[in-house]
file data.txt (compact mmCIF, C-alpha atoms)
# COMPACT_ATOMS: atom_id res chain seq x y z
CA MET A 1425 105.27 87.45 84.59
CA LYS A 1426 102.10 87.47 86.70
CA GLU A 1427 101.78 90.40 89.07
CA VAL A 1428 101.81 89.26 92.68
CA THR A 1429 98.84 90.46 94.75
CA LEU A 1430 100.60 91.19 98.04
CA SER A 1431 104.04 92.50 98.98
CA ILE A 1432 104.86 91.82 102.63
CA ILE A 1433 107.65 94.10 103.86
CA THR A 1434 109.49 93.36 107.10
CA VAL A 1435 111.89 95.86 108.65
CA ASN A 1436 114.28 94.55 111.31
CA PHE A 1437 117.09 95.74 113.53
CA ASN A 1438 118.73 93.47 116.13
CA ASN A 1439 115.51 91.56 116.79
CA ASN A 1440 116.43 88.08 115.64
CA PHE A 1441 113.95 86.34 117.94
CA GLY A 1442 111.10 88.57 116.79
CA LEU A 1443 112.14 88.20 113.16
CA GLN A 1444 111.96 84.42 113.43
CA LYS A 1445 108.41 84.66 114.84
CA THR A 1446 107.38 86.94 112.00
CA ILE A 1447 108.86 84.65 109.36
CA ARG A 1448 107.21 81.54 110.84
CA SER A 1449 103.79 83.22 110.82
CA ILE A 1450 104.20 84.11 107.14
CA GLN A 1451 105.47 80.66 106.19
CA SER A 1452 102.45 79.03 107.84
CA GLN A 1453 99.89 80.91 105.72
CA SER A 1454 97.57 78.98 103.45
CA TYR A 1455 97.63 82.02 101.12
CA SER A 1456 100.44 81.94 98.55
CA ASP A 1457 100.00 84.94 96.22
CA TYR A 1458 102.60 87.07 97.96
CA GLU A 1459 106.23 88.10 97.92
CA HIS A 1460 108.29 88.82 101.02
CA ILE A 1461 110.87 91.60 101.33
CA ILE A 1462 113.13 91.94 104.37
CA ILE A 1463 115.10 95.12 105.10
CA ASP A 1464 117.61 94.60 107.91
CA ALA A 1465 119.52 97.56 109.34
CA ASN A 1466 122.90 95.81 109.60
CA SER A 1467 121.94 93.76 112.67
CA THR A 1468 124.68 92.05 114.68
CA ASP A 1469 122.51 89.59 116.64
CA GLY A 1470 122.24 86.76 114.10
CA SER A 1471 119.36 88.27 112.12
CA LYS A 1472 121.35 88.18 108.89
CA GLU A 1473 122.01 84.46 109.30
CA THR A 1474 118.28 83.90 109.90
CA ILE A 1475 117.46 85.72 106.67
CA ILE A 1476 120.01 83.69 104.69
CA LYS A 1477 118.58 80.43 106.05
CA TYR A 1478 115.05 81.62 105.23
CA SER A 1479 116.07 82.53 101.67
CA GLN A 1480 117.19 78.92 101.16
CA GLU A 1481 113.84 77.58 102.36
CA THR A 1482 111.38 79.65 100.32
CA SER A 1483 110.88 81.18 96.89
CA HIS A 1484 108.65 83.90 98.37
CA LEU A 1485 111.58 85.94 99.66
CA LYS A 1486 112.18 88.08 96.59
CA TYR A 1487 114.56 90.65 98.05
CA TRP A 1488 116.52 91.22 101.21
CA VAL A 1489 119.37 93.42 102.34
CA SER A 1490 121.37 93.96 105.51
CA GLU A 1491 122.95 97.39 105.63
CA PRO A 1492 122.91 100.56 107.76
CA ASP A 1493 119.89 102.84 107.35
CA LYS A 1494 118.50 106.08 108.75
CA GLY A 1495 115.63 104.69 110.79
CA ILE A 1496 112.52 102.57 110.42
CA TYR A 1497 110.90 104.72 107.72
CA ASP A 1498 114.08 104.68 105.67
CA GLY A 1499 113.91 100.89 105.85
CA MET A 1500 110.23 100.85 104.88
CA ASN A 1501 110.94 103.13 101.91
CA LYS A 1502 113.72 100.78 100.80
CA GLY A 1503 111.24 97.93 100.86
CA LEU A 1504 108.73 99.91 98.82
CA LYS A 1505 111.29 100.45 96.05
CA HIS A 1506 111.52 96.69 95.50
CA ALA A 1507 107.83 95.81 95.98
CA LYS A 1508 105.91 94.46 92.97
CA GLY A 1509 102.58 93.66 94.62
CA LYS A 1510 99.23 95.32 94.02
CA TYR A 1511 98.96 95.76 97.79
CA ILE A 1512 101.60 96.64 100.39
CA TYR A 1513 101.57 95.12 103.88
CA PHE A 1514 104.13 96.01 106.56
CA LEU A 1515 104.69 93.25 109.12
CA ASN A 1516 107.82 94.24 111.02
CA SER A 1517 109.95 91.94 113.14
CA GLY A 1518 108.22 90.84 116.33
CA ASP A 1519 104.72 91.24 114.87
CA PHE A 1520 103.00 88.17 113.48
CA LEU A 1521 99.83 87.08 111.71
CA PHE A 1522 96.96 85.94 113.91
CA ASP A 1523 96.41 82.50 112.36
CA THR A 1524 97.22 80.47 109.25
CA ASN A 1525 94.20 81.60 107.23
CA VAL A 1526 94.36 85.36 107.81
CA LEU A 1527 95.65 86.41 104.39
CA ALA A 1528 93.32 84.00 102.60
CA SER A 1529 90.40 85.72 104.36
CA ILE A 1530 91.11 89.14 102.81
CA SER A 1531 89.42 90.19 99.58
CA PHE A 1532 91.92 92.36 97.75
CA ASP A 1533 89.23 94.10 95.69
CA ASP A 1534 91.05 97.32 94.72
CA THR A 1535 89.84 99.22 97.78
CA GLU A 1536 92.73 101.57 98.44
CA TYR A 1537 92.93 101.10 102.21
CA ILE A 1538 91.82 97.77 103.75
CA CYS A 1539 92.13 97.58 107.52
CA GLY A 1540 91.39 94.77 109.96
CA ASN A 1541 91.72 94.37 113.72
CA MET A 1542 94.94 94.08 115.69
CA ARG A 1543 95.74 92.53 119.05
CA ILE A 1544 98.34 94.32 121.19
CA ILE A 1545 100.17 91.82 123.39
CA TYR A 1546 101.25 93.20 126.78
CA SER A 1547 102.10 89.90 128.50
CA ASP A 1548 101.21 86.20 128.38
CA THR A 1549 97.83 87.00 129.94
CA GLU A 1550 97.16 90.63 129.00
CA TYR A 1551 96.16 91.97 125.62
CA GLU A 1552 93.98 94.60 123.95
CA ASP A 1553 92.13 94.33 120.64
CA ILE A 1554 92.12 97.41 118.42
CA VAL A 1555 89.02 97.55 116.18
CA PRO A 1556 88.95 100.37 113.58
CA PRO A 1557 85.67 102.10 112.70
CA GLU A 1558 83.53 101.09 109.74
CA LYS A 1559 83.89 104.58 108.28
CA ILE A 1560 86.75 107.06 108.52
CA ASP A 1561 86.56 110.81 108.85
CA GLY A 1562 89.12 113.47 109.60
CA LEU A 1563 88.03 113.82 113.19
CA PHE A 1564 88.84 110.19 113.91
CA LEU A 1565 92.31 110.29 112.39
CA LEU A 1566 93.23 113.57 114.05
CA LYS A 1567 92.68 111.96 117.45
CA SER A 1568 93.37 108.29 116.76
CA PHE A 1569 94.96 105.98 114.18
CA LEU A 1570 94.53 102.83 112.12
CA PRO A 1571 96.66 99.85 113.19
CA HIS A 1572 99.47 99.69 110.67
CA PRO A 1573 100.20 95.94 111.13
CA ALA A 1574 96.57 95.27 110.20
CA SER A 1575 96.43 97.56 107.14
CA PHE A 1576 96.73 96.56 103.47
CA ILE A 1577 97.51 99.61 101.36
CA HIS A 1578 97.09 99.82 97.60
CA HIS A 1579 100.48 100.19 95.93
CA SER A 1580 99.26 103.21 93.95
CA LEU A 1581 99.24 105.28 97.17
CA PHE A 1582 103.03 105.00 97.30
CA MET A 1583 103.79 105.78 93.67
CA ASN A 1584 104.62 109.43 94.34
CA GLN A 1585 104.73 109.41 98.12
CA GLU A 1586 107.22 107.76 100.44
CA TYR A 1587 107.16 107.81 104.24
CA ARG A 1588 108.69 110.96 105.67
CA ARG A 1589 112.05 110.33 107.33
CA ASP A 1590 111.99 113.55 109.36
CA TYR A 1591 109.52 111.90 111.75
CA LYS A 1592 110.59 108.90 113.85
CA ILE A 1593 107.21 107.38 114.73
CA ILE A 1594 104.17 108.95 113.05
CA SER A 1595 104.99 108.95 109.31
CA ASP A 1596 102.54 106.11 108.72
CA TRP A 1597 99.84 108.18 110.49
CA ILE A 1598 100.69 111.17 108.27
CA HIS A 1599 100.29 108.90 105.23
CA MET A 1600 96.85 107.83 106.51
CA VAL A 1601 95.67 111.42 107.09
CA ASP A 1602 96.96 112.56 103.71
CA ASN A 1603 95.32 109.76 101.75
CA LEU A 1604 92.16 109.04 103.70
CA VAL A 1605 91.27 112.64 104.64
CA LEU A 1606 92.92 114.99 102.16
CA LYS A 1607 92.69 112.78 99.07
CA GLY A 1608 89.57 110.85 100.08
CA CYS A 1609 90.84 107.43 99.04
CA SER A 1610 88.56 104.41 99.46
CA TYR A 1611 88.51 102.55 102.76
CA LYS A 1612 87.11 99.26 104.02
CA HIS A 1613 87.14 97.69 107.47
CA VAL A 1614 87.23 93.89 107.68
CA ASN A 1615 86.19 92.55 111.06
CA ILE A 1616 89.01 90.02 111.27
CA LEU A 1617 91.93 89.80 113.68
CA ILE A 1618 94.87 90.26 111.34
CA SER A 1619 97.93 90.38 113.54
CA LYS A 1620 99.44 90.40 116.99
CA PHE A 1621 101.53 93.45 117.73
CA ASP A 1622 104.75 93.49 119.75
CA SER A 1623 104.18 96.08 122.50
CA THR A 1624 107.93 96.42 123.11
CA GLY A 1625 108.50 98.05 119.71
CA LEU A 1626 109.66 101.60 119.02
CA SER A 1627 106.23 103.22 118.70
CA SER A 1628 104.95 101.54 121.89
CA THR A 1629 107.91 102.39 124.11
CA ASN A 1630 108.24 105.98 122.91
CA GLY A 1631 104.69 107.24 123.27
CA SER A 1632 105.81 110.71 124.34
CA ILE A 1633 107.81 111.08 121.10
CA GLY A 1634 104.78 110.03 119.08
CA LEU A 1635 102.55 112.54 120.87
CA TYR A 1636 105.11 115.31 120.36
CA GLU A 1637 105.43 114.50 116.66
CA ARG A 1638 101.69 114.38 116.11
CA ASN A 1639 101.20 117.75 117.84
CA LYS A 1640 104.07 119.17 115.79
CA TRP A 1641 102.49 118.00 112.52
CA ILE A 1642 99.05 119.32 113.50
CA LYS A 1643 100.47 122.74 114.44
CA GLU A 1644 102.33 122.94 111.14
CA ASN A 1645 99.37 121.87 109.00
CA ILE A 1646 96.19 122.97 110.81
CA PRO A 1647 95.76 126.47 112.32
CA PRO A 1648 95.05 126.33 116.09
CA ARG A 1649 91.57 127.91 115.79
CA ILE A 1650 90.53 125.41 113.14
CA TYR A 1651 91.87 122.49 115.16
CA ALA A 1652 90.11 123.70 118.32
CA SER A 1653 86.86 124.01 116.36
CA LEU A 1654 87.24 120.48 115.01
CA MET A 1655 87.78 119.11 118.51
CA GLU A 1656 84.69 120.98 119.74
CA LEU A 1657 82.77 119.48 116.84
CA ASP A 1658 84.02 116.03 117.83
CA ASP A 1659 82.86 116.60 121.41
CA LEU A 1660 79.49 117.70 120.07
CA LYS A 1661 79.11 114.44 118.17
CA SER A 1662 79.44 112.47 121.41
CA SER A 1663 77.15 114.75 123.44
CA ILE A 1664 73.38 114.47 123.95
CA LEU A 1665 72.85 117.18 121.34
CA GLY A 1666 75.14 115.29 118.98
CA SER A 1667 73.00 112.16 119.33
CA ILE A 1668 69.87 114.17 118.49
CA ILE A 1669 71.28 115.73 115.31
CA PRO A 1670 71.27 112.52 113.20
CA ILE A 1671 67.67 111.82 114.29
CA VAL A 1672 66.50 115.30 113.31
CA ASN A 1673 68.28 114.87 109.98
CA LYS A 1674 67.47 111.20 109.59
CA LYS A 1675 67.07 111.37 105.86
CA LYS A 1676 70.50 110.39 104.47
CA HIS A 1677 72.13 111.74 107.66
CA ARG A 1678 72.68 115.10 105.96
CA THR A 1679 74.30 116.73 109.01
CA GLN A 1680 76.97 114.03 109.29
CA LYS A 1681 77.73 114.34 105.58
CA ARG A 1682 78.04 118.11 105.90
CA ILE A 1683 80.42 117.69 108.84
CA LYS A 1684 82.63 115.42 106.75
CA LYS A 1685 82.60 117.90 103.86
CA ILE A 1686 83.63 120.71 106.22
CA VAL A 1687 86.53 118.65 107.57
CA LEU A 1688 87.71 117.75 104.05
CA LEU A 1689 87.42 121.34 102.87
CA LEU A 1690 89.34 122.75 105.84
CA ALA A 1691 92.01 120.09 105.48
CA ARG A 1692 92.53 120.90 101.80
CA ILE A 1693 92.58 124.64 102.41
CA PHE A 1694 95.24 124.41 105.10
CA LYS A 1695 97.32 121.60 103.51

call {"tool": "encode", "arguments": {"input": "data.txt", "output": "structure tokens"}}
result
Amino acid sequence: MKEVTLSIITVNFNNNFGLQKTIRSIQSQSYSDYEHIIIDANSTDGSKETIIKYSQETSHLKYWVSEPDKGIYDGMNKGLKHAKGKYIYFLNSGDFLFDTNVLASISFDDTEYICGNMRIIYSDTEYEDIVPPEKIDGLFLLKSFLPHPASFIHHSLFMNQEYRRDYKIISDWIHMVDNLVLKGCSYKHVNILISKFDSTGLSSTNGSIGLYERNKWIKENIPPRIYASLMELDDLKSSILGSIIPIVNKKKHRTQKRIKKIVLLLARIFK
């Protein structure tokens, strides 16, 4: 049996309307080398009936379940256990693909982390586009994030690592830091709008929880003095002096490379 290229995993809980939008955006894709997995947390709003109807309409839905779980990351881990694709893509209920040719525009070339752009929808007239950087370093991820609904992650990065269930919101960020910073996995930014993100979701409406969890993880994994030094280094990069450094070291940008090596070394030491 031919290995499918992409496993799309959708986690849902009592969001039947959003689930239907997500399903329609997947069904409309011109790309066909994918499987779809839906993990529903025992919804009571008609979501299960929507999934059953969908399963009768497509052969792409390879697995689905509707049962109680222990939160969104528990649901995502359940989906991972049934995924067969070379790449994993999480598109949860309420989020949807930007247009019908999005997936066909991605080159799944064995880069371990492929990330595109994401549009956050605030209202019918208000939105914000999130554009990740061309290159990733530890300083970026410690202060920011990559948009999960626009990220295609090589399946190998989940072989011995699930999402942590002891965090409610930032386990995907922890996975990014661990793989992109500590393990130095390959990364590529594609300048394409991949998805539209539902701003009423858990991570958007509980920003204070996300901030608390991120600070908690940083305190547990990076000593305060080291973290403060990294933030000072980040400020230096954006200062006048920081703009001069790459010019002085124009040849192969040696200073920037050394900064990255320092970040990686400190991260590994204090893992």

call {"tool": "closest_atom_pairs", "arguments": {"input": "data.txt", "of": "range 1467-1550 of chain A", "to": "range 1578-1601 of chain A", "cutoff": "8 Å", "atoms": "all atoms listed in the file", "output": "JSON lines"}}
result
{"residue": "A:Lys1494", "atom": "CA", "partner": "A:Arg1589", "partner_atom": "CA", "distance": 7.9}
{"residue": "A:Gly1495", "atom": "CA", "partner": "A:Lys1592", "partner_atom": "CA", "distance": 7.2}
{"residue": "A:Ile1496", "atom": "CA", "partner": "A:Lys1592", "partner_atom": "CA", "distance": 7.5}
{"residue": "A:Tyr1497", "atom": "CA", "partner": "A:Arg1589", "partner_atom": "CA", "distance": 5.7}
{"residue": "A:Asp1498", "atom": "CA", "partner": "A:Arg1589", "partner_atom": "CA", "distance": 6.2}
{"residue": "A:Met1500", "atom": "CA", "partner": "A:Tyr1587", "partner_atom": "CA", "distance": 7.6}
{"residue": "A:Asn1501", "atom": "CA", "partner": "A:Glu1586", "partner_atom": "CA", "distance": 6.1}
{"residue": "A:Leu1504", "atom": "CA", "partner": "A:Phe1582", "partner_atom": "CA", "distance": 7.8}
{"residue": "A:Gly1509", "atom": "CA", "partner": "A:His1579", "partner_atom": "CA", "distance": 7.0}
{"residue": "A:Lys1510", "atom": "CA", "partner": "A:His1579", "partner_atom": "CA", "distance": 5.4}
{"residue": "A:Tyr1511", "atom": "CA", "partner": "A:His1578", "partner_atom": "CA", "distance": 4.5}
{"residue": "A:Ile1512", "atom": "CA", "partner": "A:His1579", "partner_atom": "CA", "distance": 5.8}
{"residue": "A:Asp1534", "atom": "CA", "partner": "A:His1578", "partner_atom": "CA", "distance": 7.1}
{"residue": "A:Thr1535", "atom": "CA", "partner": "A:His1578", "partner_atom": "CA", "distance": 7.3}
{"residue": "A:Glu1536", "atom": "CA", "partner": "A:His1578", "partner_atom": "CA", "distance": 4.8}
{"residue": "A:Tyr1537", "atom": "CA", "partner": "A:His1578", "partner_atom": "CA", "distance": 6.3}

call {"tool": "atom_distance", "arguments": {"input": "data.txt", "atom1": "CA of Phe1514 in chain A", "atom2": "CA of Lys1567 in chain A"}}
result
22.5 Å

call {"tool": "closest_residue", "arguments": {"input": "data.txt", "among": "A:Leu1606, A:Val1614, A:Ile1450, A:Leu1635", "to": "Ser1575 in chain A", "atoms": "only C-alpha atoms"}}
result
A:Val1614

call {"tool": "residues_around", "arguments": {"input": "data.txt", "residues": "Phe1437 in chain A", "least_positions_apart": "2", "cutoff": "8 Å", "atoms": "only C-alpha atoms", "output": "PyMOL selection string"}}
result
chain A and resi 1435+1439-1440+1464-1467+1471

call {"tool": "residues_around", "arguments": {"input": "data.txt", "residues": "Ile1544 in chain A", "least_positions_apart": "6", "cutoff": "8 Å", "atoms": "all atoms listed in the file", "output": "MDAnalysis selection string"}}
result
chainID A and resid 1551:1554 1620:1623

call {"tool": "write_last_selection", "arguments": {"input": "data.txt", "atoms": "C-alpha atoms", "output": "PDB file, keeping the file's coordinate frame"}}
result
ATOM      1  CA  TYR A1551      96.160  91.970 125.620  1.00  0.00           C
ATOM      2  CA  GLU A1552      93.980  94.600 123.950  1.00  0.00           C
ATOM      3  CA  ASP A1553      92.130  94.330 120.640  1.00  0.00           C
ATOM      4  CA  ILE A1554      92.120  97.410 118.420  1.00  0.00           C
ATOM      5  CA  LYS A1620      99.440  90.400 116.990  1.00  0.00           C
ATOM      6  CA  PHE A1621     101.530  93.450 117.730  1.00  0.00           C
ATOM      7  CA  ASP A1622     104.750  93.490 119.750  1.00  0.00           C
ATOM      8  CA  SER A1623     104.180  96.080 122.500  1.00  0.00           C
TER       9      SER A1623
END

call {"tool": "closest_residue", "arguments": {"input": "data.txt", "among": "A:Asn1603, A:Asn1438, A:Tyr1546, A:Pro1492", "to": "Glu1473 in chain A", "atoms": "only C-alpha atoms"}}
result
A:Asn1438

call {"tool": "atom_distance", "arguments": {"input": "data.txt", "atom1": "CA of Ser1568 in chain A", "atom2": "CA of Cys1539 in chain A"}}
result
14.2 Å

call {"tool": "atom_distance", "arguments": {"input": "data.txt", "atom1": "CA of Leu1443 in chain A", "atom2": "CA of Ser1517 in chain A"}}
result
4.3 Å

call {"tool": "closest_residue", "arguments": {"input": "data.txt", "among": "A:Ile1646, A:Thr1446, A:Ser1456, A:Ala1507", "to": "Lys1486 in chain A", "atoms": "all atoms listed in the file"}}
result
A:Ala1507

call {"tool": "residues_around", "arguments": {"input": "data.txt", "residues": "Ser1452 in chain A", "least_positions_apart": "6", "cutoff": "10 Å", "atoms": "all atoms listed in the file", "output": "PyMOL selection string"}}
result
chain A and resi 1521+1523-1525

call {"tool": "residues_around", "arguments": {"input": "data.txt", "residues": "Tyr1478 in chain A", "least_positions_apart": "5", "cutoff": "10 Å", "atoms": "only C-alpha atoms", "output": "list in words"}}
result
Gln1444, Ile1447, Arg1448, Gln1451, Lys1472, Glu1473, Ser1483, His1484 and Leu1485 of chain A

call {"tool": "closest_residue", "arguments": {"input": "data.txt", "among": "A:Phe1522, A:Tyr1487, A:Tyr1636, A:Phe1569", "to": "Ser1431 in chain A", "atoms": "all atoms listed in the file"}}
result
A:Tyr1487

call {"tool": "closest_residue", "arguments": {"input": "data.txt", "among": "A:Ser1531, A:Ser1479, A:Ser1610, A:Asn1436", "to": "Leu1515 in chain A", "atoms": "only C-alpha atoms"}}
result
A:Asn1436

call {"tool": "build_atoms", "arguments": {"input": "data.txt", "residues": "range 1470-1481 of chain A", "atoms": "all heavy atoms", "output": "mmCIF file, in the coordinates of the input"}}
result
data_model
loop_
_atom_site.group_PDB
_atom_site.id
_atom_site.type_symbol
_atom_site.label_atom_id
_atom_site.label_comp_id
_atom_site.auth_asym_id
_atom_site.auth_seq_id
_atom_site.Cartn_x
_atom_site.Cartn_y
_atom_site.Cartn_z
ATOM 1 N N GLY A 1470 122.576 88.009 114.781
ATOM 2 C CA GLY A 1470 122.240 86.760 114.100
ATOM 3 C C GLY A 1470 121.071 86.891 113.136
ATOM 4 O O GLY A 1470 120.694 85.908 112.478
ATOM 5 N N SER A 1471 120.493 88.068 113.023
ATOM 6 C CA SER A 1471 119.360 88.270 112.120
ATOM 7 C C SER A 1471 119.738 87.974 110.663
ATOM 8 O O SER A 1471 118.951 87.374 109.918
ATOM 9 C CB SER A 1471 118.849 89.712 112.220
ATOM 10 O OG SER A 1471 118.279 89.979 113.481
ATOM 11 N N LYS A 1472 120.930 88.398 110.271
ATOM 12 C CA LYS A 1472 121.350 88.180 108.890
ATOM 13 C C LYS A 1472 121.418 86.695 108.573
ATOM 14 O O LYS A 1472 120.988 86.252 107.495
ATOM 15 C CB LYS A 1472 122.711 88.844 108.648
ATOM 16 C CG LYS A 1472 123.195 88.737 107.195
ATOM 17 C CD LYS A 1472 124.492 89.498 107.002
ATOM 18 C CE LYS A 1472 124.992 89.392 105.570
ATOM 19 N NZ LYS A 1472 126.257 90.158 105.372
ATOM 20 N N GLU A 1473 121.926 85.911 109.496
ATOM 21 C CA GLU A 1473 122.010 84.460 109.300
ATOM 22 C C GLU A 1473 120.617 83.845 109.204
ATOM 23 O O GLU A 1473 120.387 82.913 108.421
ATOM 24 C CB GLU A 1473 122.799 83.825 110.441
ATOM 25 C CG GLU A 1473 124.291 84.108 110.439
ATOM 26 C CD GLU A 1473 124.648 85.559 110.787
ATOM 27 O OE1 GLU A 1473 123.825 86.226 111.455
ATOM 28 O OE2 GLU A 1473 125.740 86.026 110.374
ATOM 29 N N THR A 1474 119.675 84.374 109.978
ATOM 30 C CA THR A 1474 118.280 83.900 109.900
ATOM 31 C C THR A 1474 117.698 84.176 108.528
ATOM 32 O O THR A 1474 117.012 83.329 107.945
ATOM 33 C CB THR A 1474 117.428 84.598 110.987
ATOM 34 O OG1 THR A 1474 117.853 84.154 112.271
ATOM 35 C CG2 THR A 1474 115.946 84.282 110.811
ATOM 36 N N ILE A 1475 117.978 85.362 107.995
ATOM 37 C CA ILE A 1475 117.460 85.720 106.670
ATOM 38 C C ILE A 1475 118.063 84.818 105.597
ATOM 39 O O ILE A 1475 117.358 84.346 104.685
ATOM 40 C CB ILE A 1475 117.742 87.201 106.358
ATOM 41 C CG1 ILE A 1475 117.074 88.106 107.397
ATOM 42 C CG2 ILE A 1475 117.243 87.553 104.959
ATOM 43 C CD1 ILE A 1475 117.501 89.563 107.307
ATOM 44 N N ILE A 1476 119.351 84.554 105.677
ATOM 45 C CA ILE A 1476 120.010 83.690 104.690
ATOM 46 C C ILE A 1476 119.397 82.290 104.724
ATOM 47 O O ILE A 1476 119.101 81.695 103.674
ATOM 48 C CB ILE A 1476 121.525 83.631 104.968
ATOM 49 C CG1 ILE A 1476 122.171 84.988 104.681
ATOM 50 C CG2 ILE A 1476 122.184 82.539 104.110
ATOM 51 C CD1 ILE A 1476 123.628 85.091 105.089
ATOM 52 N N LYS A 1477 119.190 81.759 105.906
ATOM 53 C CA LYS A 1477 118.580 80.430 106.050
ATOM 54 C C LYS A 1477 117.162 80.434 105.463
ATOM 55 O O LYS A 1477 116.765 79.501 104.744
ATOM 56 C CB LYS A 1477 118.535 80.026 107.523
ATOM 57 C CG LYS A 1477 117.934 78.654 107.806
ATOM 58 C CD LYS A 1477 118.043 78.327 109.284
ATOM 59 C CE LYS A 1477 117.477 76.943 109.586
ATOM 60 N NZ LYS A 1477 116.017 76.872 109.367
ATOM 61 N N TYR A 1478 116.415 81.480 105.747
ATOM 62 C CA TYR A 1478 115.050 81.620 105.230
ATOM 63 C C TYR A 1478 115.046 81.682 103.710
ATOM 64 O O TYR A 1478 114.185 81.072 103.045
ATOM 65 C CB TYR A 1478 114.430 82.868 105.848
ATOM 66 C CG TYR A 1478 113.066 83.256 105.349
ATOM 67 C CD1 TYR A 1478 112.026 82.328 105.255
ATOM 68 C CD2 TYR A 1478 112.785 84.587 105.006
ATOM 69 C CE1 TYR A 1478 110.760 82.708 104.822
ATOM 70 C CE2 TYR A 1478 111.532 84.975 104.590
ATOM 71 C CZ TYR A 1478 110.517 84.032 104.497
ATOM 72 O OH TYR A 1478 109.272 84.407 104.067
ATOM 73 N N SER A 1479 116.010 82.389 103.133
ATOM 74 C CA SER A 1479 116.070 82.530 101.670
ATOM 75 C C SER A 1479 116.316 81.186 100.986
ATOM 76 O O SER A 1479 115.955 80.997 99.813
ATOM 77 C CB SER A 1479 117.176 83.517 101.279
ATOM 78 O OG SER A 1479 118.466 82.981 101.546
ATOM 79 N N GLN A 1480 116.926 80.257 101.708
ATOM 80 C CA GLN A 1480 117.190 78.920 101.160
ATOM 81 C C GLN A 1480 115.990 77.993 101.292
ATOM 82 O O GLN A 1480 115.959 76.926 100.675
ATOM 83 C CB GLN A 1480 118.405 78.317 101.872
ATOM 84 C CG GLN A 1480 119.688 79.108 101.645
ATOM 85 C CD GLN A 1480 120.814 78.700 102.585
ATOM 86 O OE1 GLN A 1480 120.592 77.995 103.581
ATOM 87 N NE2 GLN A 1480 122.026 79.141 102.283
ATOM 88 N N GLU A 1481 115.001 78.430 102.089
ATOM 89 C CA GLU A 1481 113.840 77.580 102.360
ATOM 90 C C GLU A 1481 112.602 77.962 101.549
ATOM 91 O O GLU A 1481 111.658 77.177 101.455
ATOM 92 C CB GLU A 1481 113.465 77.654 103.849
ATOM 93 C CG GLU A 1481 114.541 77.152 104.791
ATOM 94 C CD GLU A 1481 114.215 77.442 106.245
ATOM 95 O OE1 GLU A 1481 113.279 78.238 106.508
ATOM 96 O OE2 GLU A 1481 114.895 76.883 107.108
#
